[in-house]
Structures are given as C-alpha cells and as structure tokens.
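Here is structure-v5.cif, consisting of mmCIF, C-alpha atoms:
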```
data_upload
#
loop_
_atom_site.group_PDB
_atom_site.id
_atom_site.type_symbol
_atom_site.label_atom_id
_atom_site.label_comp_id
_atom_site.auth_asym_id
_atom_site.auth_seq_id
_atom_site.Cartn_x
_atom_site.Cartn_y
_atom_site.Cartn_z
ATOM 1 C CA MET A 29 -5.346 9.943 -31.415
ATOM 2 C CA GLY A 30 -7.902 10.980 -28.825
ATOM 3 C CA THR A 31 -9.245 8.190 -26.694
ATOM 4 C CA ASN A 32 -12.901 8.903 -27.528
ATOM 5 C CA GLU A 33 -12.264 8.619 -31.273
ATOM 6 C CA GLY A 34 -10.182 5.473 -30.910
ATOM 7 C CA ARG A 35 -12.382 3.671 -28.383
ATOM 8 C CA PRO A 36 -14.821 1.938 -30.816
ATOM 9 C CA VAL A 37 -12.001 0.782 -33.086
ATOM 10 C CA TRP A 38 -9.900 -0.375 -30.135
ATOM 11 C CA ALA A 39 -12.903 -2.216 -28.665
ATOM 12 C CA ASP A 40 -13.408 -4.120 -31.957
ATOM 13 C CA VAL A 41 -9.745 -5.119 -32.032
ATOM 14 C CA ALA A 42 -9.768 -5.987 -28.306
ATOM 15 C CA LEU A 43 -12.720 -8.292 -28.856
ATOM 16 C CA HIS A 44 -10.756 -10.255 -31.458
ATOM 17 C CA VAL A 45 -7.577 -10.300 -29.360
ATOM 18 C CA LEU A 46 -9.524 -11.566 -26.342
ATOM 19 C CA ILE A 47 -11.212 -14.305 -28.364
ATOM 20 C CA GLY A 48 -7.704 -15.403 -29.361
ATOM 21 C CA VAL A 49 -6.679 -15.458 -25.682
ATOM 22 C CA ALA A 50 -9.847 -17.412 -24.809
ATOM 23 C CA SER A 51 -8.956 -20.052 -27.389
ATOM 24 C CA ARG A 52 -6.048 -21.183 -25.160
ATOM 25 C CA TYR A 53 -7.312 -22.849 -21.972
ATOM 26 C CA GLY A 54 -5.857 -21.115 -18.921
ATOM 27 C CA ALA A 55 -4.543 -18.103 -20.833
ATOM 28 C CA VAL A 56 -4.913 -14.516 -19.649
ATOM 29 C CA ILE A 57 -3.517 -11.225 -20.925
ATOM 30 C CA SER A 58 -2.233 -8.215 -19.024
ATOM 31 C CA TYR A 59 -3.742 -4.785 -19.435
ATOM 32 C CA SER A 60 -0.492 -3.456 -20.863
ATOM 33 C CA ASP A 61 -0.116 -6.308 -23.370
ATOM 34 C CA LEU A 62 -3.723 -5.886 -24.503
ATOM 35 C CA ALA A 63 -3.233 -2.134 -24.907
ATOM 36 C CA ALA A 64 -0.088 -2.672 -26.975
ATOM 37 C CA GLN A 65 -1.774 -5.242 -29.232
ATOM 38 C CA VAL A 66 -4.895 -3.110 -29.678
ATOM 39 C CA GLN A 67 -2.882 -0.070 -30.729
ATOM 40 C CA GLU A 68 -0.559 -2.092 -32.951
ATOM 41 C CA GLN A 69 -3.329 -3.987 -34.745
ATOM 42 C CA SER A 70 -5.614 -0.977 -35.142
ATOM 43 C CA GLY A 71 -2.860 1.366 -36.248
ATOM 44 C CA LEU A 72 -4.363 3.966 -33.901
ATOM 45 C CA ARG A 73 -2.004 5.104 -31.153
ATOM 46 C CA THR A 74 -2.380 7.431 -28.225
ATOM 47 C CA ARG A 75 0.038 9.044 -25.798
ATOM 48 C CA VAL A 76 -2.661 9.157 -23.146
ATOM 49 C CA PRO A 77 -1.638 6.943 -20.215
ATOM 50 C CA LEU A 78 -3.125 3.455 -20.304
ATOM 51 C CA ARG A 79 -5.041 3.911 -17.040
ATOM 52 C CA ASN A 80 -6.928 6.826 -18.589
ATOM 53 C CA TRP A 81 -8.381 4.990 -21.587
ATOM 54 C CA ILE A 82 -8.346 1.214 -21.252
ATOM 55 C CA GLY A 83 -11.259 1.126 -18.783
ATOM 56 C CA GLY A 84 -13.580 2.894 -21.221
ATOM 57 C CA MET A 85 -12.533 0.600 -24.042
ATOM 58 C CA LEU A 86 -13.070 -2.507 -21.899
ATOM 59 C CA ALA A 87 -16.500 -1.197 -20.828
ATOM 60 C CA GLU A 88 -17.440 -1.152 -24.515
ATOM 61 C CA VAL A 89 -16.260 -4.762 -24.817
ATOM 62 C CA VAL A 90 -18.346 -5.688 -21.742
ATOM 63 C CA HIS A 91 -21.508 -4.208 -23.239
ATOM 64 C CA ARG A 92 -20.886 -5.730 -26.645
ATOM 65 C CA CYS A 93 -20.362 -9.193 -25.115
ATOM 66 C CA HIS A 94 -23.562 -8.768 -23.133
ATOM 67 C CA ARG A 95 -25.579 -7.647 -26.177
ATOM 68 C CA GLU A 96 -24.239 -10.516 -28.296
ATOM 69 C CA GLY A 97 -24.697 -13.172 -25.605
ATOM 70 C CA LEU A 98 -20.961 -13.812 -25.297
ATOM 71 C CA PRO A 99 -19.132 -14.743 -22.094
ATOM 72 C CA PRO A 100 -17.347 -11.837 -20.362
ATOM 73 C CA LEU A 101 -14.116 -11.663 -22.335
ATOM 74 C CA THR A 102 -12.796 -8.910 -20.069
ATOM 75 C CA SER A 103 -12.365 -11.556 -17.347
ATOM 76 C CA LEU A 104 -9.213 -12.548 -19.266
ATOM 77 C CA VAL A 105 -7.561 -9.142 -18.693
ATOM 78 C CA VAL A 106 -5.495 -9.025 -15.501
ATOM 79 C CA HIS A 107 -2.803 -6.971 -13.821
ATOM 80 C CA LYS A 108 0.619 -8.308 -14.737
ATOM 81 C CA ASP A 109 1.981 -8.214 -11.193
ATOM 82 C CA ASP A 110 -0.838 -9.859 -9.210
ATOM 83 C CA GLY A 111 -3.111 -11.612 -11.739
ATOM 84 C CA GLN A 112 -6.204 -9.687 -10.634
ATOM 85 C CA VAL A 113 -8.910 -8.113 -12.716
ATOM 86 C CA GLY A 114 -9.333 -4.433 -11.953
ATOM 87 C CA VAL A 115 -12.247 -2.742 -10.238
ATOM 88 C CA GLY A 116 -13.563 -2.021 -13.729
ATOM 89 C CA TYR A 117 -14.658 -5.663 -13.771
ATOM 90 C CA ASP A 118 -17.609 -4.462 -11.713
ATOM 91 C CA GLU A 119 -19.070 -3.341 -15.065
ATOM 92 C CA VAL A 120 -19.474 -7.033 -15.934
ATOM 93 C CA LEU A 121 -21.259 -7.637 -12.647
ATOM 94 C CA THR A 122 -23.531 -4.647 -13.257
ATOM 95 C CA VAL A 123 -24.650 -5.812 -16.714
ATOM 96 C CA LEU A 124 -25.307 -9.255 -15.225
ATOM 97 C CA GLY A 125 -27.514 -7.713 -12.540
ATOM 98 C CA ILE A 126 -25.043 -8.419 -9.734
ATOM 99 C CA ALA A 127 -24.131 -5.672 -7.281
ATOM 100 C CA PRO A 128 -20.528 -4.462 -7.613
ATOM 101 C CA THR A 129 -18.275 -5.615 -4.788
ATOM 102 C CA ASP A 130 -15.427 -4.221 -2.737
ATOM 103 C CA ASP A 131 -14.362 -7.765 -1.822
ATOM 104 C CA GLN A 132 -11.453 -8.576 -4.139
ATOM 105 C CA LEU A 133 -11.744 -12.343 -3.606
ATOM 106 C CA GLU A 134 -15.427 -12.217 -4.530
ATOM 107 C CA ARG A 135 -14.632 -10.193 -7.670
ATOM 108 C CA GLU A 136 -11.852 -12.632 -8.594
ATOM 109 C CA THR A 137 -14.206 -15.569 -8.103
ATOM 110 C CA TYR A 138 -16.709 -14.024 -10.524
ATOM 111 C CA ALA A 139 -13.868 -13.365 -12.983
ATOM 112 C CA ALA A 140 -12.668 -16.984 -12.690
ATOM 113 C CA GLU A 141 -16.177 -18.174 -13.581
ATOM 114 C CA GLY A 142 -16.182 -15.768 -16.526
ATOM 115 C CA ARG A 143 -12.804 -17.052 -17.743
ATOM 116 C CA LEU A 144 -14.024 -20.648 -17.623
ATOM 117 C CA ALA A 145 -17.103 -19.672 -19.661
ATOM 118 C CA CYS A 146 -14.796 -18.039 -22.224
ATOM 119 C CA TYR A 147 -12.548 -21.104 -22.454
ATOM 120 C CA ARG A 148 -15.550 -23.396 -22.834
ATOM 121 C CA ARG A 149 -16.816 -21.227 -25.687
ATOM 122 C CA TRP A 150 -13.563 -20.820 -27.650
ATOM 123 C CA ALA A 151 -10.877 -23.287 -26.481
ATOM 124 C CA ASN A 152 -10.685 -26.823 -27.793
ATOM 125 C CA ASP A 153 -8.614 -28.200 -24.922
ATOM 126 C CA VAL A 154 -10.851 -27.559 -21.891
ATOM 127 C CA PRO A 155 -10.943 -30.661 -19.678
ATOM 128 C CA PRO A 156 -14.483 -31.949 -19.141
ATOM 129 C CA ASN A 157 -14.032 -31.628 -15.367
ATOM 130 C CA ALA A 158 -12.574 -28.097 -15.510
ATOM 131 C CA THR A 159 -13.564 -25.765 -12.696
ATOM 132 C CA ALA A 160 -13.286 -22.027 -12.307
ATOM 133 C CA THR A 161 -9.875 -21.173 -10.888
ATOM 134 C CA LEU A 162 -8.147 -18.037 -9.749
ATOM 135 C CA THR A 163 -5.057 -16.978 -11.666
ATOM 136 C CA ALA A 164 -1.844 -18.492 -10.335
ATOM 137 C CA GLU A 165 -0.532 -15.020 -9.440
ATOM 138 C CA PHE A 166 -3.634 -14.137 -7.451
ATOM 139 C CA GLU A 167 -3.709 -17.536 -5.737
ATOM 140 C CA ARG A 168 -0.094 -17.021 -4.623
ATOM 141 C CA SER A 169 -0.942 -13.608 -3.202
ATOM 142 C CA VAL A 170 -3.969 -15.037 -1.336
ATOM 143 C CA GLN A 171 -1.833 -17.815 0.162
ATOM 144 C CA TRP A 172 0.878 -15.316 1.135
ATOM 145 C CA ARG A 173 -1.686 -13.075 2.858
ATOM 146 C CA ARG A 174 -3.180 -16.050 4.693
ATOM 147 C CA ARG A 175 0.236 -17.150 5.945
ATOM 148 C CA ARG A 176 1.130 -13.615 6.916
ATOM 149 C CA SER A 177 -2.104 -13.010 8.825
ATOM 150 C CA ALA A 178 -2.179 -16.406 10.527
ATOM 151 C CA THR A 179 -2.266 -16.055 14.278
ATOM 152 C CA PRO A 180 1.105 -17.116 15.650
ATOM 153 C CA VAL A 181 1.053 -19.897 18.213
ATOM 154 C CA PRO A 182 2.113 -18.476 21.574
ATOM 155 C CA PRO A 183 5.175 -20.110 23.097
ATOM 156 C CA ALA A 184 4.645 -22.787 25.733
ATOM 157 C CA LEU A 185 5.287 -21.479 29.234
ATOM 158 C CA CYS A 186 6.248 -23.300 32.387
ATOM 159 C CA PRO A 187 3.132 -23.529 34.587
ATOM 160 C CA THR A 188 5.246 -22.881 37.713
ATOM 161 C CA CYS A 189 7.587 -20.016 36.794
ATOM 162 C CA SER A 190 6.022 -18.761 33.513
ATOM 163 C CA ILE A 191 9.331 -18.874 31.617
ATOM 164 C CA GLN A 192 9.187 -19.973 27.979
ATOM 165 C CA LEU A 193 9.859 -23.691 27.729
ATOM 166 C CA PRO A 194 12.730 -24.954 25.562
ATOM 167 C CA ALA A 195 12.128 -27.361 22.670
ATOM 168 C CA SER A 196 12.468 -30.312 25.065
ATOM 169 C CA GLY A 197 9.236 -29.178 26.767
ATOM 170 C CA GLY A 198 10.690 -29.383 30.287
ATOM 171 C CA CYS A 199 11.530 -26.297 32.352
ATOM 172 C CA ASP A 200 15.274 -26.064 33.010
ATOM 173 C CA TYR A 201 14.687 -24.028 36.167
ATOM 174 C CA CYS A 202 11.887 -25.947 37.823
ATOM 175 C CA SER A 203 12.976 -29.535 36.975
#
```

Written as structure tokens, that's how I'd like the structure from this file.
Amino acid sequence: MGTNEGRPVWADVALHVLIGVASRYGAVISYSDLAAQVQEQSGLRTRVPLRNWIGGMLAEVVHRCHREGLPPLTSLVVHKDDGQVGVGYDEVLTVLGIAPTDDQLERETYAAEGRLACYRRWANDVPPNATATLTAEFERSVQWRRRRSATPVPPALCPTCSIQLPASGGCDYCS
C-alpha cells in the first residue's frame, strides 16, 4: 500500500488507538508500536520505512484533533529509547499558534501539558492534583545530562606548595 492512499485510514485508526492510550493515566505509546497497531487494525500494510510515513499520518491526527477541539493526542507518541516526542510535534505547536522550537526540553514540556490534557479528557484515574510531567525515560536522560555536564569541583590545593591536599585536608609536605 502506498503511504498517501493509506494515510487517511491510518489516521482514523491512530486516533482510536491514541484515545485508548489516553484512557490510561500516565500511558504513552512508541512510534513503532503505534505503526504496528495502525497497520494491523486497518489491514493496510506498507513496506515503506516507518520514518517515511508516520509523520504525515500523525500530522493528519494533529489537524483532526485541532478541528474537533480535542487535546493533542500525538503528545502520547514517543520514541521508545528516550521517551521524547519527535520534531514532528512542532505541528501541534503550529496549529496552536506557538512558534516551533529547537529546544527539546521546551518541546517536551509542551508535550507533557498535552498528555495531561488527554488524560483529563479520557482517563478515569487522573488524580485531582495531577501536573504535567515528562516521561520517565526523558526525565532520566535530562538528569544524566545534568550530572554529566556538572562542573567538577577542583581539588583543594595547599596554599603554600600548591600540591593537591589529601582527604585529611592537611598538606603532608608542609605540615
């Protein structure tokens, strides 16, 4: 099946799959899992690589959600390895009148707000005090990057001879 012919059908199925995901507070779905479910449920398959067709299909979902006054269901679609929405999420920002961003944390923050709106619309178990949160995978990667980029504390040096001080804090040479 060509991707242009399948796109409207896949978008309809994706909408229903994503509403199912949104009905479980905190749930997300990977691009590959969504693609597999969309092709399985529609009965329309393609050999075209996922990266070449899923963006167009999700753009249709974005516009349909916007037209129908629905929360951005595409905020629930993330990369399996890092829990991030793709740059295609900028389509959501565009239809909302927000300038697309190159800042991944900013994009993820918008997506987290979109996910919370989806859960509030379709999930029955959303805590009343729920706040928009990043995916656990993305949060871990942010923490790892922060730890990795943290400025190391320079070693303490003896004020007299400038040799690094041992853990005791006293210089073995100048004492």

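Here, the PyMOL selection byres ((chain A and resi 126-139) around 9) matches Pro100, Thr102, Ser103, Leu104, Gln112, Val113, Gly114, Val115, Tyr117, Asp118, Glu119, Val120, Leu121, Thr122, Val123, Leu124, Gly125, Ala140, Glu141, Gly142, Arg143, Leu144, Ala160, Thr161, Leu162, Thr163, Phe166 and Val170 of chain A.
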
Separation of atom CA of A:Ala39 from atom CA of A:Leu86, in Å and rounded to one decimal: 6.8 Å

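Here atom CA of A:Trp150 and atom CA of A:Ser169 stand 28.4 Å from one another.
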
Could you tell me how far atom CA of A:Gly84 lies from atom CA of A:Tyr59, in Å and to one decimal? 12.6 Å

Quick one: 4 Å padding each side, axis-aligned, all listed atoms of stretch 192-196 of chain A - centre and edge lengths in Å to one decimal, as lines of an AutoDock Vina configuration file?
```
center_x = 11.0
center_y = -25.1
center_z = 25.3
size_x = 11.5
size_y = 18.3
size_z = 13.3
```

Go through A:Leu98, A:Met85, A:Val105, A:Val76 one by one, measure the shortest atom-to-atom distance of each to A:Leu62 using all atoms listed in the file, and give the residue with the smallest value. A:Val105

In terms of the shortest atom-to-atom distance over all atoms listed in the file, which of A:Gly83, A:Ser70, A:Ala184, A:Asp40 is closest to A:Gly197? A:Ala184

Tell me which of A:Val66, A:Cys199, A:Cys146, A:Ile47 sits closest to A:Leu78, counting all atoms listed in the file. A:Val66

Chain and number of each residue from the PyMOL selection byres ((chain A and resi 63) around 12), as a PyMOL selection string: chain A and resi 34-35+38-39+41-43+45-46+57-62+64-83+85-86+105-106

If you keep C-alpha atoms, can you produce a file of those selected residues as a CSV table (one decimal), in the coordinates of the input?
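Once written, out_32.csv looks like this:
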```
chain,number,residue,atom,x,y,z
A,34,GLY,CA,-10.2,5.5,-30.9
A,35,ARG,CA,-12.4,3.7,-28.4
A,38,TRP,CA,-9.9,-0.4,-30.1
A,39,ALA,CA,-12.9,-2.2,-28.7
A,41,VAL,CA,-9.7,-5.1,-32.0
A,42,ALA,CA,-9.8,-6.0,-28.3
A,43,LEU,CA,-12.7,-8.3,-28.9
A,45,VAL,CA,-7.6,-10.3,-29.4
A,46,LEU,CA,-9.5,-11.6,-26.3
A,57,ILE,CA,-3.5,-11.2,-20.9
A,58,SER,CA,-2.2,-8.2,-19.0
A,59,TYR,CA,-3.7,-4.8,-19.4
A,60,SER,CA,-0.5,-3.5,-20.9
A,61,ASP,CA,-0.1,-6.3,-23.4
A,62,LEU,CA,-3.7,-5.9,-24.5
A,64,ALA,CA,-0.1,-2.7,-27.0
A,65,GLN,CA,-1.8,-5.2,-29.2
A,66,VAL,CA,-4.9,-3.1,-29.7
A,67,GLN,CA,-2.9,-0.1,-30.7
A,68,GLU,CA,-0.6,-2.1,-33.0
A,69,GLN,CA,-3.3,-4.0,-34.7
A,70,SER,CA,-5.6,-1.0,-35.1
A,71,GLY,CA,-2.9,1.4,-36.2
A,72,LEU,CA,-4.4,4.0,-33.9
A,73,ARG,CA,-2.0,5.1,-31.2
A,74,THR,CA,-2.4,7.4,-28.2
A,75,ARG,CA,0.0,9.0,-25.8
A,76,VAL,CA,-2.7,9.2,-23.1
A,77,PRO,CA,-1.6,6.9,-20.2
A,78,LEU,CA,-3.1,3.5,-20.3
A,79,ARG,CA,-5.0,3.9,-17.0
A,80,ASN,CA,-6.9,6.8,-18.6
A,81,TRP,CA,-8.4,5.0,-21.6
A,82,ILE,CA,-8.3,1.2,-21.3
A,83,GLY,CA,-11.3,1.1,-18.8
A,85,MET,CA,-12.5,0.6,-24.0
A,86,LEU,CA,-13.1,-2.5,-21.9
A,105,VAL,CA,-7.6,-9.1,-18.7
A,106,VAL,CA,-5.5,-9.0,-15.5
```

Within 7 Å of (-10.8, -21.5, -23.3) in the file's own coordinates, which protein, DNA or RNA residues have an atom, counting all atoms listed in the file? List them as JSON, numbers by chain. {"A": [50, 51, 52, 53, 54, 144, 146, 147, 148, 149, 150, 151, 152, 154]}

Because the input lacks atoms here, generate all heavy atoms for stretch 136-147 of chain A and report them as an mmCIF file, keeping the file's coordinate frame.
```cif
data_model
loop_
_atom_site.group_PDB
_atom_site.id
_atom_site.type_symbol
_atom_site.label_atom_id
_atom_site.label_comp_id
_atom_site.auth_asym_id
_atom_site.auth_seq_id
_atom_site.Cartn_x
_atom_site.Cartn_y
_atom_site.Cartn_z
ATOM 1 N N GLU A 136 -12.712 -11.670 -7.895
ATOM 2 C CA GLU A 136 -11.852 -12.632 -8.594
ATOM 3 C C GLU A 136 -12.569 -13.953 -8.842
ATOM 4 O O GLU A 136 -12.354 -14.602 -9.854
ATOM 5 C CB GLU A 136 -10.564 -12.869 -7.805
ATOM 6 C CG GLU A 136 -9.637 -11.674 -7.767
ATOM 7 C CD GLU A 136 -9.263 -11.157 -9.136
ATOM 8 O OE1 GLU A 136 -8.986 -11.960 -10.050
ATOM 9 O OE2 GLU A 136 -9.249 -9.923 -9.302
ATOM 10 N N THR A 137 -13.435 -14.342 -7.921
ATOM 11 C CA THR A 137 -14.206 -15.569 -8.103
ATOM 12 C C THR A 137 -15.170 -15.425 -9.275
ATOM 13 O O THR A 137 -15.289 -16.336 -10.109
ATOM 14 C CB THR A 137 -14.954 -15.930 -6.802
ATOM 15 O OG1 THR A 137 -13.977 -16.086 -5.753
ATOM 16 C CG2 THR A 137 -15.748 -17.208 -6.951
ATOM 17 N N TYR A 138 -15.842 -14.281 -9.366
ATOM 18 C CA TYR A 138 -16.709 -14.024 -10.524
ATOM 19 C C TYR A 138 -15.888 -14.038 -11.817
ATOM 20 O O TYR A 138 -16.313 -14.600 -12.832
ATOM 21 C CB TYR A 138 -17.427 -12.677 -10.397
ATOM 22 C CG TYR A 138 -18.605 -12.670 -9.469
ATOM 23 C CD1 TYR A 138 -18.654 -11.786 -8.390
ATOM 24 C CD2 TYR A 138 -19.691 -13.516 -9.672
ATOM 25 C CE1 TYR A 138 -19.750 -11.761 -7.529
ATOM 26 C CE2 TYR A 138 -20.787 -13.506 -8.823
ATOM 27 C CZ TYR A 138 -20.816 -12.621 -7.760
ATOM 28 O OH TYR A 138 -21.895 -12.600 -6.917
ATOM 29 N N ALA A 139 -14.710 -13.417 -11.784
ATOM 30 C CA ALA A 139 -13.868 -13.365 -12.983
ATOM 31 C C ALA A 139 -13.409 -14.773 -13.378
ATOM 32 O O ALA A 139 -13.365 -15.101 -14.564
ATOM 33 C CB ALA A 139 -12.668 -12.451 -12.756
ATOM 34 N N ALA A 140 -13.088 -15.605 -12.402
ATOM 35 C CA ALA A 140 -12.668 -16.984 -12.690
ATOM 36 C C ALA A 140 -13.795 -17.747 -13.384
ATOM 37 O O ALA A 140 -13.556 -18.500 -14.337
ATOM 38 C CB ALA A 140 -12.257 -17.688 -11.398
ATOM 39 N N GLU A 141 -15.026 -17.530 -12.930
ATOM 40 C CA GLU A 141 -16.177 -18.174 -13.581
ATOM 41 C C GLU A 141 -16.338 -17.651 -15.005
ATOM 42 O O GLU A 141 -16.652 -18.409 -15.930
ATOM 43 C CB GLU A 141 -17.436 -17.930 -12.764
ATOM 44 C CG GLU A 141 -17.422 -18.651 -11.425
ATOM 45 C CD GLU A 141 -18.493 -18.172 -10.455
ATOM 46 O OE1 GLU A 141 -19.282 -17.262 -10.813
ATOM 47 O OE2 GLU A 141 -18.533 -18.700 -9.333
ATOM 48 N N GLY A 142 -16.112 -16.354 -15.191
ATOM 49 C CA GLY A 142 -16.182 -15.768 -16.526
ATOM 50 C C GLY A 142 -15.113 -16.326 -17.451
ATOM 51 O O GLY A 142 -15.382 -16.616 -18.622
ATOM 52 N N ARG A 143 -13.880 -16.479 -16.921
ATOM 53 C CA ARG A 143 -12.804 -17.052 -17.743
ATOM 54 C C ARG A 143 -13.150 -18.472 -18.180
ATOM 55 O O ARG A 143 -12.959 -18.824 -19.344
ATOM 56 C CB ARG A 143 -11.473 -17.044 -16.963
ATOM 57 C CG ARG A 143 -10.815 -15.693 -16.896
ATOM 58 C CD ARG A 143 -9.407 -15.769 -16.359
ATOM 59 N NE ARG A 143 -9.372 -16.120 -14.946
ATOM 60 C CZ ARG A 143 -9.470 -15.251 -13.946
ATOM 61 N NH1 ARG A 143 -9.637 -13.970 -14.201
ATOM 62 N NH2 ARG A 143 -9.410 -15.665 -12.697
ATOM 63 N N LEU A 144 -13.672 -19.274 -17.260
ATOM 64 C CA LEU A 144 -14.024 -20.648 -17.623
ATOM 65 C C LEU A 144 -15.094 -20.659 -18.716
ATOM 66 O O LEU A 144 -15.010 -21.449 -19.667
ATOM 67 C CB LEU A 144 -14.502 -21.426 -16.391
ATOM 68 C CG LEU A 144 -14.863 -22.887 -16.643
ATOM 69 C CD1 LEU A 144 -13.684 -23.673 -17.230
ATOM 70 C CD2 LEU A 144 -15.350 -23.538 -15.351
ATOM 71 N N ALA A 145 -16.069 -19.760 -18.613
ATOM 72 C CA ALA A 145 -17.103 -19.672 -19.661
ATOM 73 C C ALA A 145 -16.472 -19.305 -21.006
ATOM 74 O O ALA A 145 -16.858 -19.852 -22.048
ATOM 75 C CB ALA A 145 -18.174 -18.654 -19.268
ATOM 76 N N CYS A 146 -15.491 -18.416 -20.985
ATOM 77 C CA CYS A 146 -14.796 -18.039 -22.224
ATOM 78 C C CYS A 146 -14.047 -19.232 -22.809
ATOM 79 O O CYS A 146 -14.125 -19.495 -24.016
ATOM 80 C CB CYS A 146 -13.816 -16.896 -21.958
ATOM 81 S SG CYS A 146 -14.594 -15.310 -21.615
ATOM 82 N N TYR A 147 -13.303 -19.944 -21.963
ATOM 83 C CA TYR A 147 -12.548 -21.104 -22.454
ATOM 84 C C TYR A 147 -13.489 -22.166 -23.019
ATOM 85 O O TYR A 147 -13.210 -22.756 -24.057
ATOM 86 C CB TYR A 147 -11.706 -21.725 -21.336
ATOM 87 C CG TYR A 147 -10.706 -20.793 -20.693
ATOM 88 C CD1 TYR A 147 -10.488 -20.823 -19.319
ATOM 89 C CD2 TYR A 147 -9.969 -19.873 -21.439
ATOM 90 C CE1 TYR A 147 -9.575 -19.978 -18.711
ATOM 91 C CE2 TYR A 147 -9.062 -19.015 -20.840
ATOM 92 C CZ TYR A 147 -8.870 -19.084 -19.472
ATOM 93 O OH TYR A 147 -7.964 -18.242 -18.872
#
```
